[in-house]
$ cat run33.txt   # compact mmCIF, C-alpha atoms
# COMPACT_ATOMS: atom_id res chain seq x y z
CA MET A 294 44.17 21.62 -39.49
CA SER A 295 43.76 19.34 -42.49
CA ALA A 296 40.70 17.27 -43.27
CA PRO A 297 39.93 14.36 -40.92
CA ASP A 298 40.61 10.63 -41.43
CA SER A 299 44.20 11.03 -42.59
CA LYS A 300 47.09 10.27 -40.27
CA GLN A 301 49.20 12.89 -42.07
CA SER A 302 46.68 15.54 -40.98
CA TYR A 303 47.39 14.86 -37.31
CA LEU A 304 50.80 16.58 -37.30
CA ASP A 305 49.84 20.24 -37.55
CA PRO A 306 52.95 22.03 -38.91
CA ASP A 307 52.12 25.31 -37.15
CA ALA A 308 51.49 23.57 -33.82
CA ILE A 309 54.75 21.64 -34.18
CA ALA A 310 56.74 24.77 -35.02
CA ARG A 311 55.36 26.75 -32.08
CA GLY A 312 55.60 23.83 -29.67
CA GLU A 313 59.18 23.05 -30.67
CA ASN A 314 60.22 26.59 -29.81
CA LEU A 315 58.53 26.42 -26.40
CA GLY A 316 59.30 22.85 -25.34
CA ILE A 317 57.43 20.81 -22.73
CA LEU A 318 58.82 20.89 -19.21
CA ALA A 319 57.69 18.87 -16.22
CA ARG A 320 56.23 21.23 -13.61
CA THR A 321 56.72 18.75 -10.78
CA VAL A 322 59.40 16.23 -9.92
CA VAL A 323 59.38 13.24 -12.28
CA GLU A 324 60.98 9.80 -12.29
CA GLY A 325 62.74 8.68 -15.44
CA TYR A 326 64.87 5.84 -16.68
CA ARG A 327 67.69 7.84 -18.28
CA VAL A 328 69.37 11.20 -17.85
CA GLY A 329 67.43 14.01 -19.54
CA GLU A 330 66.17 17.53 -18.89
CA HIS A 331 63.89 17.11 -15.89
CA ARG A 332 64.54 17.01 -12.16
CA SER A 333 64.63 13.55 -10.60
CA PRO A 334 63.76 12.64 -7.00
CA TYR A 335 66.67 10.19 -6.98
CA ARG A 336 70.06 11.25 -5.62
CA GLY A 337 73.18 10.64 -7.66
CA PHE A 338 76.62 12.10 -8.16
CA ALA A 339 76.09 14.40 -11.13
CA ILE A 340 74.49 17.61 -12.37
CA GLU A 341 73.46 19.81 -9.39
CA PHE A 342 74.41 19.74 -5.70
CA ALA A 343 71.54 18.74 -3.40
CA GLN A 344 72.79 17.88 0.10
CA HIS A 345 75.45 16.26 2.30
CA ARG A 346 75.37 12.93 4.09
CA GLU A 347 77.90 11.27 6.33
CA TYR A 348 80.56 9.10 4.72
CA THR A 349 80.13 5.34 5.13
CA VAL A 350 82.45 2.48 4.22
CA GLY A 351 82.24 1.79 0.50
CA ASP A 352 81.50 5.37 -0.59
CA ASP A 353 83.70 6.76 -3.36
CA PRO A 354 86.21 9.10 -1.65
CA ARG A 355 86.20 11.30 -4.76
CA HIS A 356 82.85 12.67 -3.58
CA LEU A 357 84.12 13.73 -0.16
CA ASP A 358 83.63 17.41 0.64
CA TRP A 359 87.18 18.37 1.61
CA LYS A 360 86.17 21.87 2.70
CA VAL A 361 83.72 20.46 5.25
CA LEU A 362 86.37 17.98 6.39
CA GLY A 363 88.83 20.83 6.94
CA ARG A 364 86.32 22.86 8.99
CA THR A 365 84.73 20.09 11.05
CA ASP A 366 87.17 17.16 10.87
CA ARG A 367 84.21 15.02 9.81
CA TYR A 368 83.73 13.11 6.58
CA TYR A 369 80.73 14.07 4.43
CA ILE A 370 79.74 12.98 0.93
CA LYS A 371 78.32 15.52 -1.51
CA GLN A 372 75.07 14.30 -3.08
CA TYR A 373 73.65 15.69 -6.31
CA GLU A 374 70.23 15.90 -7.89
CA GLN A 375 70.15 14.15 -11.24
CA ASP A 376 68.13 15.35 -14.17
CA THR A 377 65.91 12.78 -15.81
CA ASN A 378 63.60 12.48 -18.78
CA LEU A 379 59.90 13.27 -18.83
CA VAL A 380 57.44 10.44 -19.41
CA MET A 381 54.16 11.73 -20.86
CA HIS A 382 51.10 9.48 -20.86
CA LEU A 383 48.48 10.59 -23.39
CA LEU A 384 44.87 9.52 -22.74
CA VAL A 385 42.55 10.04 -25.73
CA ASP A 386 38.79 9.72 -25.25
CA GLY A 387 37.58 7.50 -28.07
CA SER A 388 33.93 7.30 -27.04
CA GLU A 389 31.00 7.90 -29.40
CA SER A 390 30.28 11.42 -28.17
CA MET A 391 33.73 12.46 -29.44
CA THR A 392 32.60 11.81 -33.03
CA TYR A 393 30.50 14.99 -33.02
CA GLY A 394 31.61 17.93 -35.11
CA SER A 395 29.56 20.87 -36.34
CA GLY A 396 32.34 21.82 -38.75
CA ARG A 397 35.00 19.94 -40.70
CA VAL A 398 36.75 18.59 -37.61
CA THR A 399 35.25 16.27 -35.00
CA LYS A 400 36.26 16.35 -31.36
CA LEU A 401 37.92 12.97 -31.83
CA HIS A 402 40.04 14.14 -34.75
CA TYR A 403 41.03 17.23 -32.76
CA ALA A 404 42.04 15.04 -29.80
CA LYS A 405 44.01 12.67 -32.04
CA ALA A 406 45.83 15.62 -33.64
CA LEU A 407 46.62 17.08 -30.23
CA ALA A 408 47.95 13.70 -29.06
CA ALA A 409 50.08 13.27 -32.20
CA CYS A 410 51.59 16.75 -31.88
CA LEU A 411 52.34 16.31 -28.18
CA ALA A 412 53.86 12.87 -28.83
CA TYR A 413 56.06 14.28 -31.60
CA LEU A 414 57.23 17.22 -29.46
CA VAL A 415 58.00 14.98 -26.48
CA LEU A 416 59.96 12.50 -28.62
CA LEU A 417 61.75 15.34 -30.39
CA GLN A 418 63.14 16.59 -27.08
CA ARG A 419 64.33 13.03 -26.31
CA ASP A 420 61.70 12.31 -23.69
CA ALA A 421 59.28 9.38 -23.58
CA VAL A 422 55.60 8.98 -24.38
CA SER A 423 52.83 6.39 -24.17
CA VAL A 424 49.38 6.65 -25.78
CA SER A 425 46.07 5.13 -24.67
CA LEU A 426 42.71 5.33 -26.45
CA PHE A 427 39.73 4.48 -24.29
CA ASP A 428 35.94 4.37 -24.05
CA THR A 429 34.46 2.14 -21.33
CA THR A 430 37.93 0.61 -21.03
CA THR A 431 41.38 1.10 -22.54
CA ARG A 432 41.03 -0.18 -26.12
CA GLU A 433 44.42 0.70 -27.61
CA HIS A 434 47.73 1.25 -25.86
CA VAL A 435 51.07 2.23 -27.35
CA VAL A 436 53.71 1.33 -24.81
CA ARG A 437 56.20 3.89 -23.59
CA THR A 438 58.87 4.81 -26.10
CA ASP A 439 61.54 7.46 -26.45
CA SER A 440 62.19 6.80 -30.15
CA LEU A 441 61.11 9.51 -32.59
CA GLY A 442 60.90 6.81 -35.25
CA LYS A 443 57.85 5.41 -33.42
CA ILE A 444 55.77 8.50 -34.26
CA HIS A 445 54.52 6.78 -37.44
CA HIS A 446 53.36 3.78 -35.41
CA ILE A 447 51.59 6.11 -32.97
CA MET A 448 49.80 7.93 -35.82
CA ASP A 449 48.81 4.62 -37.41
CA ARG A 450 47.17 3.52 -34.16
CA LEU A 451 45.44 6.88 -33.75
CA ALA A 452 44.14 6.83 -37.34
CA ALA A 453 42.87 3.25 -37.11
CA PHE A 454 40.79 3.77 -33.98
CA GLU A 455 37.04 4.22 -34.49
CA ALA A 456 34.74 5.38 -31.70
CA SER A 457 31.58 3.41 -30.99
CA GLU A 458 31.12 2.94 -27.24
CA LYS A 459 30.19 4.89 -24.12
CA THR A 460 32.73 6.58 -21.85
CA ASP A 461 34.35 5.60 -18.57
CA LEU A 462 37.15 8.09 -18.06
CA GLY A 463 37.66 7.04 -14.46
CA VAL A 464 38.62 3.50 -15.51
CA ALA A 465 41.16 4.77 -18.04
CA MET A 466 42.74 7.04 -15.46
CA GLU A 467 42.88 4.19 -12.94
CA ASP A 468 44.57 2.00 -15.57
CA ILE A 469 47.34 4.56 -16.04
CA ALA A 470 47.74 5.07 -12.30
CA ARG A 471 48.17 1.30 -11.94
CA VAL A 472 50.67 0.66 -14.77
CA ALA A 473 52.64 3.94 -14.72
CA ARG A 474 54.52 3.42 -11.49
CA ALA A 475 57.13 6.12 -12.17
CA ARG A 476 55.89 9.65 -11.64
CA GLY A 477 55.27 11.47 -14.91
CA LEU A 478 52.89 13.71 -16.80
CA VAL A 479 49.38 12.48 -17.69
CA VAL A 480 47.49 14.39 -20.39
CA VAL A 481 43.75 13.71 -20.67
CA MET A 482 41.93 14.70 -23.89
CA SER A 483 38.16 14.34 -23.55
CA ASP A 484 34.82 16.13 -23.80
CA LEU A 485 34.28 14.95 -20.19
CA PHE A 486 30.70 13.84 -20.94
CA ASP A 487 30.94 11.14 -18.32
CA ASP A 488 30.36 10.35 -14.68
CA GLU A 489 31.92 13.33 -12.91
CA ALA A 490 32.55 11.45 -9.69
CA GLY A 491 34.61 8.85 -11.59
CA PHE A 492 36.62 11.58 -13.30
CA ILE A 493 37.36 13.35 -10.00
CA LYS A 494 38.32 10.05 -8.37
CA GLY A 495 40.69 9.36 -11.25
CA LEU A 496 42.25 12.82 -10.91
CA ARG A 497 42.84 12.28 -7.20
CA GLN A 498 44.33 8.83 -7.77
CA LEU A 499 46.79 10.11 -10.37
CA ARG A 500 47.81 13.06 -8.22
CA PHE A 501 48.17 10.81 -5.17
CA SER A 502 50.50 8.62 -7.25
CA GLY A 503 52.65 11.68 -7.87
CA HIS A 504 51.71 12.33 -11.49
CA GLU A 505 51.21 15.79 -12.89
CA VAL A 506 47.90 15.99 -14.77
CA ILE A 507 46.75 18.21 -17.65
CA VAL A 508 43.12 18.01 -18.81
CA PHE A 509 42.25 19.28 -22.29
CA HIS A 510 38.46 19.70 -22.20
CA ILE A 511 37.60 19.32 -25.88
CA LEU A 512 34.26 20.75 -26.96
CA ASP A 513 32.73 21.73 -30.28
CA GLN A 514 31.81 25.39 -30.69
CA ALA A 515 28.17 24.45 -31.20
CA GLU A 516 28.21 22.64 -27.85
CA ILE A 517 29.67 25.72 -26.16
CA GLU A 518 27.45 28.33 -27.80
CA PHE A 519 24.40 26.22 -28.80
CA VAL A 520 24.11 28.00 -32.15
CA PHE A 521 21.00 26.27 -33.50
CA ASP A 522 17.84 27.78 -34.98
CA GLY A 523 14.44 26.54 -36.08
CA GLN A 524 13.23 23.03 -35.34
CA VAL A 525 16.19 20.71 -34.85
CA ARG A 526 16.45 16.95 -34.48
CA PHE A 527 19.22 16.06 -32.00
CA ILE A 528 20.54 12.53 -32.46
CA GLY A 529 21.54 10.96 -29.15
CA LEU A 530 24.98 9.40 -28.68
CA GLU A 531 26.17 6.82 -26.15
CA GLY A 532 22.63 5.64 -25.45
CA SER A 533 20.98 9.06 -25.17
CA PRO A 534 17.58 9.37 -26.88
CA THR A 535 17.01 11.31 -30.09
CA VAL A 536 14.82 14.38 -29.56
CA GLU A 537 13.28 17.01 -31.82
CA LEU A 538 12.75 20.49 -30.39
CA CYS A 539 13.13 24.22 -30.86
CA PRO A 540 16.60 25.26 -29.54
CA ALA A 541 15.34 28.73 -28.58
CA ASP A 542 13.13 27.10 -25.93
CA ILE A 543 16.05 25.55 -24.07
CA ARG A 544 19.02 27.75 -25.06
CA LYS A 545 19.19 29.66 -21.76
CA THR A 546 18.92 26.50 -19.65
CA TYR A 547 21.41 24.62 -21.82
CA LEU A 548 24.03 27.40 -21.70
CA ALA A 549 23.68 27.62 -17.92
CA GLU A 550 24.19 23.84 -17.65
CA ILE A 551 27.24 23.70 -19.96
CA ASP A 552 28.85 26.68 -18.20
CA ALA A 553 28.24 25.04 -14.82
CA MET A 554 29.76 21.79 -16.10
CA LYS A 555 32.89 23.58 -17.38
CA LEU A 556 33.22 25.34 -14.03
CA ARG A 557 32.93 22.06 -12.11
CA MET A 558 35.62 20.46 -14.28
CA ARG A 559 37.94 23.43 -13.81
CA GLN A 560 37.36 23.44 -10.04
CA ALA A 561 38.05 19.69 -9.85
CA CYS A 562 41.37 20.27 -11.61
CA ASP A 563 42.22 23.28 -9.44
CA THR A 564 41.40 21.38 -6.26
CA THR A 565 43.73 18.52 -7.19
CA GLY A 566 46.51 20.77 -8.46
CA SER A 567 45.91 19.77 -12.10
CA HIS A 568 45.82 22.03 -15.15
CA TYR A 569 42.52 22.58 -16.99
CA VAL A 570 42.51 23.74 -20.62
CA LEU A 571 39.29 24.39 -22.55
CA ALA A 572 39.89 23.43 -26.19
CA ASN A 573 37.27 24.74 -28.62
CA THR A 574 37.58 22.74 -31.85
CA SER A 575 36.94 25.92 -33.87
CA GLN A 576 40.26 27.29 -32.57
CA PRO A 577 43.42 26.35 -34.49
CA LEU A 578 45.26 23.60 -32.67
CA ALA A 579 48.47 25.65 -32.80
CA GLU A 580 46.83 28.46 -30.80
CA VAL A 581 45.45 26.13 -28.12
CA LEU A 582 48.69 24.20 -27.71
CA SER A 583 51.11 27.13 -27.83
CA GLY A 584 48.85 29.16 -25.55
CA TYR A 585 48.98 26.44 -22.94
CA LEU A 586 52.74 25.94 -23.28
CA VAL A 587 53.33 29.68 -22.77
CA PHE A 588 51.20 29.50 -19.61
CA ARG A 589 53.10 26.41 -18.51
CA HIS A 590 56.45 28.12 -18.87
CA LYS A 591 55.21 31.05 -16.80
CA VAL A 592 54.06 28.69 -14.04
CA SER A 593 57.33 26.74 -14.14
CA ALA A 594 59.33 29.96 -13.85
CA ARG A 595 57.65 30.97 -10.58
$ encode --input "run33.txt" --output "structure tokens"
Amino acid sequence: MSAPDSKQSYLDPDAIARGENLGILARTVVEGYRVGEHRSPYRGFAIEFAQHREYTVGDDPRHLDWKVLGRTDRYYIKQYEQDTNLVMHLLVDGSESMTYGSGRVTKLHYAKALAACLAYLVLLQRDAVSVSLFDTTTREHVVRTDSLGKIHHIMDRLAAFEASEKTDLGVAMEDIARVARARGLVVVMSDLFDDEAGFIKGLRQLRFSGHEVIVFHILDQAEIEFVFDGQVRFIGLEGSPTVELCPADIRKTYLAEIDAMKLRMRQACDTTGSHYVLANTSQPLAEVLSGYLVFRHKVSAR
């Protein structure tokens, strides 16, 4: 991944190449506004046979099942299951804790790059995408579009956003559940350093609304492994105090806490039927994204 703070660096060529070959399919039934590649819950008269229903006055006789008529002397209409486009809603955590990065890339830059690549891939396959950046509330929102030409506008909005506030992931998820009335795919990109009850409530609300949910849990390698030595001054973010201590004194406790937190987040996703993906910012974005898409295709094929 290229250096941060450049919108051109968000579109990782390797991630795009791998993702384009794999594609992004909706795992559950979605609702769209045009014909596309994904299964719709609405019944029409095209694509794939779904069921019969009795003929009523006004139905097009061209859709009569003549074989059934010949066998039963009753009039039945053949109904079909239309395919429809995927609508992906991208939620990017833009809170202050996301500005941390022990290397060249911060968690926020990693999340922005992931959002840009997913948006590009979705638009490339003629599906639709919306993008929201949030902290305590939704600060930026790019309305749903299916135009690939809008990718530059999306990257401009991603590049311009600067994190400075605390986090309220639950509110952002509730916002999407409220405005995205058609069932689609919601992708959350966050370090999940927030009120866990609010996050779980948001997951349940989105799933209850019929959305499929993917959570990319974005953490820095130093946060996962706590690779600090000597006397270290830890600067607090989002209102946390600044402390100076010896990491060796708390390493065991810290690692137990971060592992327990990751497990709770994974279990919350599993319980609600959502997908959980741990994204270590030291891993190339292409590996994280393509690895998940391979897994997704395996699940969809079952």
$ atom_distance --input "run33.txt" --atom1 "CA of Val520 (chain A)" --atom2 "CA of Gln560 (chain A)"
26.2 Å
$ residues_around --input "run33.txt" --residues "Ile469 (chain A)" --least-positions-apart "6" --cutoff "12 Å" --atoms "only C-alpha atoms" --output "ChimeraX atom specification"
/A:381-384,423-427,430-431,434,436-437,462-463,475-481,495-496,498-500,502,504,506
$ closest_residue --input "run33.txt" --among "A:Asp484, A:Glu467, A:Glu433, A:Asp305" --to "Ala572 (chain A)" --atoms "all atoms listed in the file"
A:Asp484
$ residues_around --input "run33.txt" --residues "region 418-421 of chain A" --least-positions-apart "6" --cutoff "7 Å" --atoms "all atoms listed in the file" --output "list in words"
Asn378, Leu379, Val380, Met381, Arg437, Thr438 and Asp439 of chain A
$ residues_around --input "run33.txt" --residues "Phe519 (chain A)" --least-positions-apart "6" --cutoff "12 Å" --atoms "all atoms listed in the file" --output "PyMOL selection string"
chain A and resi 395+512-513+525+527+539-552
$ closest_residue --input "run33.txt" --among "A:Thr429, A:Gln576, A:Gln514, A:Thr535" --to "Gly491 (chain A)" --atoms "all atoms listed in the file"
A:Thr429
$ atom_distance --input "run33.txt" --atom1 "CA of His590 (chain A)" --atom2 "CA of Ser483 (chain A)"
23.4 Å
$ atom_distance --input "run33.txt" --atom1 "CA of Tyr585 (chain A)" --atom2 "CA of Val422 (chain A)"
18.7 Å
$ residues_around --input "run33.txt" --residues "His445 (chain A)" --least-positions-apart "6" --cutoff "12 Å" --atoms "all atoms listed in the file" --output "list in words"
Lys300, Gln301, Tyr303, Leu304, Ala409, Cys410, Ala412, Tyr413, Leu416, Val435, Leu451 and Ala452 of chain A
$ write_last_selection --input "run33.txt" --atoms "C-alpha atoms" --output "PDB file, in the coordinates of the input"
ATOM      1  CA  LYS A 300      47.090  10.270 -40.270  1.00  0.00           C
ATOM      2  CA  GLN A 301      49.200  12.890 -42.070  1.00  0.00           C
ATOM      3  CA  TYR A 303      47.390  14.860 -37.310  1.00  0.00           C
ATOM      4  CA  LEU A 304      50.800  16.580 -37.300  1.00  0.00           C
ATOM      5  CA  ALA A 409      50.080  13.270 -32.200  1.00  0.00           C
ATOM      6  CA  CYS A 410      51.590  16.750 -31.880  1.00  0.00           C
ATOM      7  CA  ALA A 412      53.860  12.870 -28.830  1.00  0.00           C
ATOM      8  CA  TYR A 413      56.060  14.280 -31.600  1.00  0.00           C
ATOM      9  CA  LEU A 416      59.960  12.500 -28.620  1.00  0.00           C
ATOM     10  CA  VAL A 435      51.070   2.230 -27.350  1.00  0.00           C
ATOM     11  CA  LEU A 451      45.440   6.880 -33.750  1.00  0.00           C
ATOM     12  CA  ALA A 452      44.140   6.830 -37.340  1.00  0.00           C
TER      13      ALA A 452
END
$ residues_near_point --input "run33.txt" --point "(35.1, 25.8, -15.6)" --cutoff "12 Å" --atoms "only C-alpha atoms" --output "PyMOL selection string"
chain A and resi 485+508-510+517+549-563+568-572
$ write_last_selection --input "run33.txt" --atoms "C-alpha atoms" --output "PDB file, keeping the file's coordinate frame"
ATOM      1  CA  LEU A 485      34.280  14.950 -20.190  1.00  0.00           C
ATOM      2  CA  VAL A 508      43.120  18.010 -18.810  1.00  0.00           C
ATOM      3  CA  PHE A 509      42.250  19.280 -22.290  1.00  0.00           C
ATOM      4  CA  HIS A 510      38.460  19.700 -22.200  1.00  0.00           C
ATOM      5  CA  ILE A 517      29.670  25.720 -26.160  1.00  0.00           C
ATOM      6  CA  ALA A 549      23.680  27.620 -17.920  1.00  0.00           C
ATOM      7  CA  GLU A 550      24.190  23.840 -17.650  1.00  0.00           C
ATOM      8  CA  ILE A 551      27.240  23.700 -19.960  1.00  0.00           C
ATOM      9  CA  ASP A 552      28.850  26.680 -18.200  1.00  0.00           C
ATOM     10  CA  ALA A 553      28.240  25.040 -14.820  1.00  0.00           C
ATOM     11  CA  MET A 554      29.760  21.790 -16.100  1.00  0.00           C
ATOM     12  CA  LYS A 555      32.890  23.580 -17.380  1.00  0.00           C
ATOM     13  CA  LEU A 556      33.220  25.340 -14.030  1.00  0.00           C
ATOM     14  CA  ARG A 557      32.930  22.060 -12.110  1.00  0.00           C
ATOM     15  CA  MET A 558      35.620  20.460 -14.280  1.00  0.00           C
ATOM     16  CA  ARG A 559      37.940  23.430 -13.810  1.00  0.00           C
ATOM     17  CA  GLN A 560      37.360  23.440 -10.040  1.00  0.00           C
ATOM     18  CA  ALA A 561      38.050  19.690  -9.850  1.00  0.00           C
ATOM     19  CA  CYS A 562      41.370  20.270 -11.610  1.00  0.00           C
ATOM     20  CA  ASP A 563      42.220  23.280  -9.440  1.00  0.00           C
ATOM     21  CA  HIS A 568      45.820  22.030 -15.150  1.00  0.00           C
ATOM     22  CA  TYR A 569      42.520  22.580 -16.990  1.00  0.00           C
ATOM     23  CA  VAL A 570      42.510  23.740 -20.620  1.00  0.00           C
ATOM     24  CA  LEU A 571      39.290  24.390 -22.550  1.00  0.00           C
ATOM     25  CA  ALA A 572      39.890  23.430 -26.190  1.00  0.00           C
TER      26      ALA A 572
END
$ closest_residue --input "run33.txt" --among "A:Val472, A:Val464, A:Val592, A:Leu441" --to "Phe492 (chain A)" --atoms "all atoms listed in the file"
A:Val464
